[in-house]
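> Before I ask anything, let me first share the structure, which is written out below as C-alpha cells.
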Amino acid sequence: GIQVEQSPPDLILQEGANSTLRCNFSDSVNNLQWFHQNPWGQLINLFYIPSGTKQNGRLSATTVATERYSLLYISSSQTTDSGVYFCAVDLTGGGNKLTFGTGTQLKVEL
Amino acid sequence: GAVVSQHPSRVICKSGTSVKIECRSLDFQATTMFWYRQFPKKSLMLMATSNEGSKATYEQGVEKDKFLINHASLTLSTLTVTSAHPEDSSFYICSARDGSGGVGETQYFGPGTRLLVL
C-alpha cells in the first residue's frame with residue numbers, strides 16, 4: 001500500500017521561531033490534507049492542498065504532486081501551535097479513503 | 001465550516017460489554033463516513049467506510065463482527081464495539097465527507113471517543 005512518511009518525527013521550537021514540516025508519499029494522489037491534532041485529540045483541518053501553494057495566516061503549505069511531497073510552513077510559532085501535525089493522502093483510485101502519515105509532534109516553548 | 005460531533009467523548013466499560021459510539025454531521029449531509037482508530041502516540045488507522053443505506057466496507061484485518069457499523073441516515077453513523085476487551089481500548093475517531101462523492105473532497109473529523117475497557 002501507499003507509504004506516507006513525515007519528518008521530523010519530533011520538533012521543539014522556541015516561541016517565535018519558524019519551521020518546515022515535510023510529508024513524502026509513495027504514489028500518486030487525488031487529495032492531500034494537513035491536520036493539527038490538539039492535545040485533546042481533535043483533528044483540525046489546516047489545508048486541502050492536492051497541488052500548489054496556499055496560505056492561511058502564519059501557516060502555508062506547498063504540494064509538489066509530481067515529486068510526491070508536501071511541506072507545511074509555520075512562521076512565528078506560538079505555544080498554541082503545539083500538538084501533532086498529520087498529512088493525509090487520498091490515493092488515486094483509492095475510493096476517497098485517507099491514509100495518514102506518521103505525524104510530527106511539535107512542542108513550542110516560551 | 002462543517003461540524004462533526006461524536007458521543008460519548010469518553011467511556012469506561014467492563015470487559016465483555018458492548019459500547020456504541022455515535023457520529024453525527026451537524027450541518028451537512030454525509031453519504032459516506034469513516035471510522036478510525038488511534039493508539040497512543042501513533043497515527044490514525046482507517047477501520048471502515050460507512051455508506052448510508054448499505055453495508056460498511058472494512059479494512060483488511062478489522063473484524064466486522066467485532067466492530068458493527070450502521071449508517072442509518074445521512075447525518076448519523078454508529079460504531080458498536082461488541083464484547084469489548086482491554087485490547088479494544090483506544091481513541092476512536094469518525095469523519096464525514098461533505099459532498100456528493102466526487103474525487104478529492106475534504107473530510108471533517110469528529111472530536112473522538114476515548115474507550116477504556118477494564
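Following the order of the C-alpha cells, chains are lettered A, B, ..., residues in each are numbered from 1, and ligands are numbered from 1.
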Using only C-alpha atoms, I'd like every residue of chain A that has an atom within 7 Å of chain B; please write them out as a tab-separated table (two decimals) with all heavy atoms, in the first residue's frame.

```tsv
chain	number	residue	atom	x	y	z
A	30	ASN	N	-5.03	11.91	-5.24
A	30	ASN	CA	-6.04	12.87	-5.65
A	30	ASN	C	-6.10	14.06	-4.72
A	30	ASN	O	-6.52	15.14	-5.11
A	30	ASN	CB	-7.44	12.22	-5.64
A	30	ASN	CG	-7.60	11.21	-6.74
A	30	ASN	OD1	-7.11	11.40	-7.84
A	30	ASN	ND2	-8.29	10.13	-6.43
A	31	ASN	N	-5.76	13.81	-3.47
A	31	ASN	CA	-6.02	14.79	-2.43
A	31	ASN	C	-4.94	14.69	-1.37
A	31	ASN	O	-4.42	13.60	-1.11
A	31	ASN	CB	-7.39	14.49	-1.81
A	31	ASN	CG	-7.72	15.34	-0.60
A	31	ASN	OD1	-7.15	16.40	-0.39
A	31	ASN	ND2	-8.64	14.86	0.22
A	41	GLY	N	-7.06	15.75	21.27
A	41	GLY	CA	-7.33	14.74	20.25
A	41	GLY	C	-8.10	15.22	19.04
A	41	GLY	O	-8.25	14.49	18.06
A	42	GLN	N	-8.61	16.43	19.09
A	42	GLN	CA	-9.39	16.93	17.96
A	42	GLN	C	-8.50	17.21	16.76
A	42	GLN	O	-7.47	17.88	16.89
A	42	GLN	CB	-10.11	18.23	18.37
A	42	GLN	CG	-10.83	18.94	17.21
A	42	GLN	CD	-12.09	18.24	16.78
A	42	GLN	OE1	-13.06	18.10	17.53
A	42	GLN	NE2	-12.13	17.79	15.51
A	43	LEU	N	-8.92	16.71	15.61
A	43	LEU	CA	-8.21	16.98	14.36
A	43	LEU	C	-8.80	18.25	13.73
A	43	LEU	O	-10.00	18.34	13.51
A	43	LEU	CB	-8.36	15.82	13.40
A	43	LEU	CG	-7.44	14.64	13.62
A	43	LEU	CD1	-7.94	13.44	12.88
A	43	LEU	CD2	-6.02	14.96	13.20
A	48	TYR	N	-6.46	21.82	2.51
A	48	TYR	CA	-6.78	20.84	1.48
A	48	TYR	C	-5.93	21.26	0.30
A	48	TYR	O	-6.18	22.30	-0.29
A	48	TYR	CB	-8.27	20.85	1.15
A	48	TYR	CG	-8.62	20.12	-0.11
A	48	TYR	CD1	-8.73	18.74	-0.12
A	48	TYR	CD2	-8.87	20.80	-1.30
A	48	TYR	CE1	-9.07	18.06	-1.28
A	48	TYR	CE2	-9.20	20.13	-2.46
A	48	TYR	CZ	-9.30	18.76	-2.44
A	48	TYR	OH	-9.63	18.09	-3.59
A	90	ASP	N	-5.23	10.90	-0.19
A	90	ASP	CA	-6.30	10.11	-0.81
A	90	ASP	C	-5.70	9.56	-2.10
A	90	ASP	O	-5.47	10.31	-3.05
A	90	ASP	CB	-7.49	11.02	-1.05
A	90	ASP	CG	-8.55	10.41	-1.95
A	90	ASP	OD1	-8.47	9.21	-2.27
A	90	ASP	OD2	-9.46	11.15	-2.34
A	96	ASN	N	-11.48	7.56	-2.19
A	96	ASN	CA	-11.59	8.70	-1.28
A	96	ASN	C	-11.24	8.35	0.16
A	96	ASN	O	-11.66	9.04	1.10
A	96	ASN	CB	-12.98	9.33	-1.33
A	96	ASN	CG	-13.25	9.99	-2.67
A	96	ASN	OD1	-12.37	10.62	-3.22
A	96	ASN	ND2	-14.44	9.82	-3.18
A	100	PHE	N	-3.16	8.24	6.55
A	100	PHE	CA	-2.46	9.24	7.36
A	100	PHE	C	-0.97	8.98	7.39
A	100	PHE	O	-0.51	7.83	7.36
A	100	PHE	CB	-3.02	9.24	8.78
A	100	PHE	CG	-4.25	10.08	8.91
A	100	PHE	CD1	-5.47	9.63	8.43
A	100	PHE	CD2	-4.20	11.34	9.50
A	100	PHE	CE1	-6.61	10.41	8.52
A	100	PHE	CE2	-5.34	12.12	9.59
A	100	PHE	CZ	-6.54	11.66	9.10
A	101	GLY	N	-0.22	10.08	7.48
A	101	GLY	CA	1.21	9.98	7.66
A	101	GLY	C	1.57	9.65	9.09
A	101	GLY	O	0.70	9.51	9.97
A	102	THR	N	2.86	9.55	9.32
A	102	THR	CA	3.38	9.13	10.62
A	102	THR	C	3.32	10.23	11.66
A	102	THR	O	3.45	9.96	12.85
A	102	THR	CB	4.83	8.65	10.46
A	102	THR	OG1	5.55	9.64	9.70
A	102	THR	CG2	4.88	7.33	9.71
A	103	GLY	N	3.15	11.48	11.24
A	103	GLY	CA	2.96	12.58	12.18
A	103	GLY	C	4.25	13.24	12.61
A	103	GLY	O	5.33	12.64	12.61
```
> Name the residues of chain B that come out as strand (DSSP E) in a backbone DSSP run; write them as a PyMOL selection string.
chain B and resi 4-7+10-13+19-25+32-38+44-51+57-58+67-73+76-81+90-97+107-109+113-117
> So how far away is atom CA of Ile74 of chain A from atom CA of Ser60 of chain A, in Å?
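Interatomic distance, atom CA of Ser60 of chain A to atom CA of Ile74 of chain A: 6.9 Å.
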> Which residues in chain A does DSSP call helix (DSSP H, G or I)? List them as an MDAnalysis selection string.
chainID A and resid 65:67 79:81
> Between atom CA of Cys23 of chain B and atom CA of Ser77 of chain B, what is the spacing in Å?
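Between these atoms lies a distance of 5.2 Å.
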> For Tyr58 of chain B, list every protein, DNA or RNA residue within 12 Å, evaluated using only C-alpha atoms, and leave out those in the same chain fewer than 5 positions away; present the list as a PyMOL selection string.
(chain A and resi 97) or (chain B and resi 34-36+45-51+63-69)
> Can those selected residues be exported to a file as an mmCIF file, in the first residue's frame so that it contains C-alpha atoms?

```cif
data_model
loop_
_atom_site.group_PDB
_atom_site.id
_atom_site.type_symbol
_atom_site.label_atom_id
_atom_site.label_comp_id
_atom_site.auth_asym_id
_atom_site.auth_seq_id
_atom_site.Cartn_x
_atom_site.Cartn_y
_atom_site.Cartn_z
ATOM 1 C CA LYS A 97 -10.072 6.940 1.735
ATOM 2 C CA PHE B 34 -15.219 6.889 8.031
ATOM 3 C CA TRP B 35 -14.133 5.299 11.296
ATOM 4 C CA TYR B 36 -10.530 5.472 12.502
ATOM 5 C CA MET B 45 -5.651 3.850 11.079
ATOM 6 C CA LEU B 46 -8.755 3.569 8.934
ATOM 7 C CA MET B 47 -11.063 0.833 10.192
ATOM 8 C CA ALA B 48 -14.027 1.045 7.860
ATOM 9 C CA THR B 49 -16.014 3.146 5.435
ATOM 10 C CA SER B 50 -19.645 3.671 6.340
ATOM 11 C CA ASN B 51 -22.095 4.172 3.498
ATOM 12 C CA GLU B 63 -13.246 -7.789 12.351
ATOM 13 C CA LYS B 64 -16.657 -6.772 11.066
ATOM 14 C CA ASP B 65 -18.453 -8.839 13.719
ATOM 15 C CA LYS B 66 -16.431 -7.115 16.400
ATOM 16 C CA PHE B 67 -16.926 -3.584 15.149
ATOM 17 C CA LEU B 68 -20.510 -3.203 13.944
ATOM 18 C CA ILE B 69 -21.209 -0.134 11.836
#
```
> Rounded to one decimal in Å, what is the spacing between atom CA of Ser9 of chain B and atom CA of Trp40 of chain A?
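Computed distance, atom CA of Ser9 of chain B to atom CA of Trp40 of chain A, equals 10.5 Å.
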> Nearest residue to Ser82 of chain A out of A:Thr99, A:Ser70, A:Ser28, A:Thr104, using only C-alpha atoms?
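Selected residue with least distance to Ser82 of chain A: A:Thr104.
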> Excluding same-chain residues fewer than 2 positions from Val81 of chain B, what lies within 12 Å of it counting only C-alpha atoms, as a ChimeraX atom specification?
/B:11,13,15-22,37,62-70,78-79,83-90,92,115-117
> Keeping only N, CA, C and O atoms, take the residues you just selected and write them out as a tab-separated table (two decimals), in the first residue's frame.

```
chain	number	residue	atom	x	y	z
B	11	VAL	N	-15.62	6.87	27.48
B	11	VAL	CA	-16.43	5.79	28.07
B	11	VAL	C	-15.51	4.75	28.69
B	11	VAL	O	-14.47	4.39	28.10
B	13	CYS	N	-15.83	0.90	30.35
B	13	CYS	CA	-16.77	-0.22	30.45
B	13	CYS	C	-16.04	-1.47	30.93
B	13	CYS	O	-14.81	-1.54	30.92
B	15	SER	N	-15.08	-5.49	30.73
B	15	SER	CA	-14.80	-6.46	29.70
B	15	SER	C	-16.03	-7.32	29.44
B	15	SER	O	-16.71	-7.74	30.38
B	16	GLY	N	-16.35	-7.54	28.17
B	16	GLY	CA	-17.50	-8.36	27.81
B	16	GLY	C	-18.74	-7.58	27.43
B	16	GLY	O	-19.67	-8.14	26.85
B	17	THR	N	-18.78	-6.31	27.77
B	17	THR	CA	-19.93	-5.48	27.43
B	17	THR	C	-19.75	-4.88	26.04
B	17	THR	O	-18.66	-4.91	25.46
B	18	SER	N	-20.84	-4.32	25.51
B	18	SER	CA	-20.79	-3.67	24.21
B	18	SER	C	-20.93	-2.16	24.37
B	18	SER	O	-21.63	-1.70	25.27
B	19	VAL	N	-20.29	-1.43	23.52
B	19	VAL	CA	-20.29	0.03	23.60
B	19	VAL	C	-20.65	0.61	22.23
B	19	VAL	O	-20.08	0.19	21.22
B	20	LYS	N	-21.58	1.55	22.22
B	20	LYS	CA	-21.98	2.20	20.97
B	20	LYS	C	-21.46	3.63	20.95
B	20	LYS	O	-21.64	4.38	21.91
B	21	ILE	N	-20.86	4.00	19.83
B	21	ILE	CA	-20.35	5.36	19.63
B	21	ILE	C	-21.11	5.98	18.45
B	21	ILE	O	-21.24	5.34	17.40
B	22	GLU	N	-21.60	7.19	18.64
B	22	GLU	CA	-22.34	7.88	17.59
B	22	GLU	C	-21.50	8.95	16.92
B	22	GLU	O	-20.74	9.66	17.60
B	37	ARG	N	-9.11	4.46	14.13
B	37	ARG	CA	-8.66	4.09	15.46
B	37	ARG	C	-7.24	4.65	15.63
B	37	ARG	O	-6.44	4.61	14.68
B	62	VAL	N	-9.63	-5.86	10.07
B	62	VAL	CA	-10.64	-5.36	11.01
B	62	VAL	C	-11.82	-6.32	11.03
B	62	VAL	O	-12.39	-6.63	9.97
B	63	GLU	N	-12.17	-6.80	12.23
B	63	GLU	CA	-13.25	-7.79	12.35
B	63	GLU	C	-14.61	-7.11	12.27
B	63	GLU	O	-14.99	-6.35	13.17
B	64	LYS	N	-15.36	-7.41	11.25
B	64	LYS	CA	-16.66	-6.77	11.07
B	64	LYS	C	-17.67	-7.19	12.12
B	64	LYS	O	-18.59	-6.43	12.44
B	65	ASP	N	-17.53	-8.40	12.67
B	65	ASP	CA	-18.45	-8.84	13.72
B	65	ASP	C	-18.10	-8.22	15.07
B	65	ASP	O	-18.91	-8.22	15.98
B	66	LYS	N	-16.90	-7.74	15.18
B	66	LYS	CA	-16.43	-7.12	16.40
B	66	LYS	C	-16.81	-5.63	16.42
B	66	LYS	O	-17.20	-5.09	17.43
B	67	PHE	N	-16.67	-5.01	15.28
B	67	PHE	CA	-16.93	-3.58	15.15
B	67	PHE	C	-18.10	-3.40	14.18
B	67	PHE	O	-17.91	-3.32	12.97
B	68	LEU	N	-19.29	-3.32	14.75
B	68	LEU	CA	-20.51	-3.20	13.94
B	68	LEU	C	-20.76	-1.75	13.58
B	68	LEU	O	-20.79	-0.88	14.44
B	69	ILE	N	-20.98	-1.50	12.30
B	69	ILE	CA	-21.21	-0.13	11.84
B	69	ILE	C	-22.58	-0.06	11.18
B	69	ILE	O	-22.93	-0.89	10.34
B	70	ASN	N	-23.33	0.97	11.57
B	70	ASN	CA	-24.64	1.22	10.99
B	70	ASN	C	-24.73	2.68	10.57
B	70	ASN	O	-24.49	3.57	11.38
B	78	THR	N	-23.09	4.89	13.41
B	78	THR	CA	-22.73	4.38	14.72
B	78	THR	C	-21.74	3.23	14.60
B	78	THR	O	-21.78	2.45	13.64
B	79	LEU	N	-20.84	3.19	15.58
B	79	LEU	CA	-19.87	2.11	15.70
B	79	LEU	C	-20.13	1.41	17.02
B	79	LEU	O	-20.10	2.07	18.07
B	83	SER	N	-18.72	-7.09	22.75
B	83	SER	CA	-17.94	-7.91	23.67
B	83	SER	C	-16.53	-7.33	23.83
B	83	SER	O	-15.53	-7.98	23.51
B	84	ALA	N	-16.49	-6.12	24.32
B	84	ALA	CA	-15.22	-5.38	24.40
B	84	ALA	C	-14.22	-6.07	25.33
B	84	ALA	O	-14.59	-6.64	26.36
B	85	HIS	N	-12.97	-5.98	24.95
B	85	HIS	CA	-11.86	-6.50	25.75
B	85	HIS	C	-10.84	-5.39	25.96
B	85	HIS	O	-10.84	-4.40	25.21
B	86	PRO	N	-9.96	-5.54	26.93
B	86	PRO	CA	-8.98	-4.48	27.20
B	86	PRO	C	-8.18	-4.05	25.96
B	86	PRO	O	-7.85	-2.87	25.83
B	87	GLU	N	-7.91	-4.97	25.06
B	87	GLU	CA	-7.14	-4.60	23.87
B	87	GLU	C	-7.93	-3.71	22.90
B	87	GLU	O	-7.36	-3.18	21.93
B	88	ASP	N	-9.24	-3.59	23.13
B	88	ASP	CA	-10.05	-2.68	22.32
B	88	ASP	C	-9.97	-1.24	22.81
B	88	ASP	O	-10.48	-0.32	22.14
B	89	SER	N	-9.34	-1.06	23.96
B	89	SER	CA	-9.17	0.30	24.48
B	89	SER	C	-8.37	1.13	23.48
B	89	SER	O	-7.31	0.70	23.01
B	90	SER	N	-8.89	2.29	23.14
B	90	SER	CA	-8.26	3.10	22.11
B	90	SER	C	-9.01	4.42	21.98
B	90	SER	O	-9.99	4.68	22.69
B	92	TYR	N	-11.18	6.39	19.29
B	92	TYR	CA	-11.91	6.15	18.04
B	92	TYR	C	-12.39	7.49	17.48
B	92	TYR	O	-13.01	8.29	18.19
B	115	LEU	N	-12.10	5.14	24.60
B	115	LEU	CA	-12.68	3.94	25.19
B	115	LEU	C	-11.66	3.25	26.06
B	115	LEU	O	-10.54	2.97	25.62
B	116	LEU	N	-12.05	2.97	27.29
B	116	LEU	CA	-11.21	2.20	28.21
B	116	LEU	C	-12.01	1.00	28.65
B	116	LEU	O	-13.09	1.14	29.23
B	117	VAL	N	-11.49	-0.17	28.38
B	117	VAL	CA	-12.15	-1.42	28.77
B	117	VAL	C	-11.37	-2.03	29.93
B	117	VAL	O	-10.18	-2.31	29.81
```
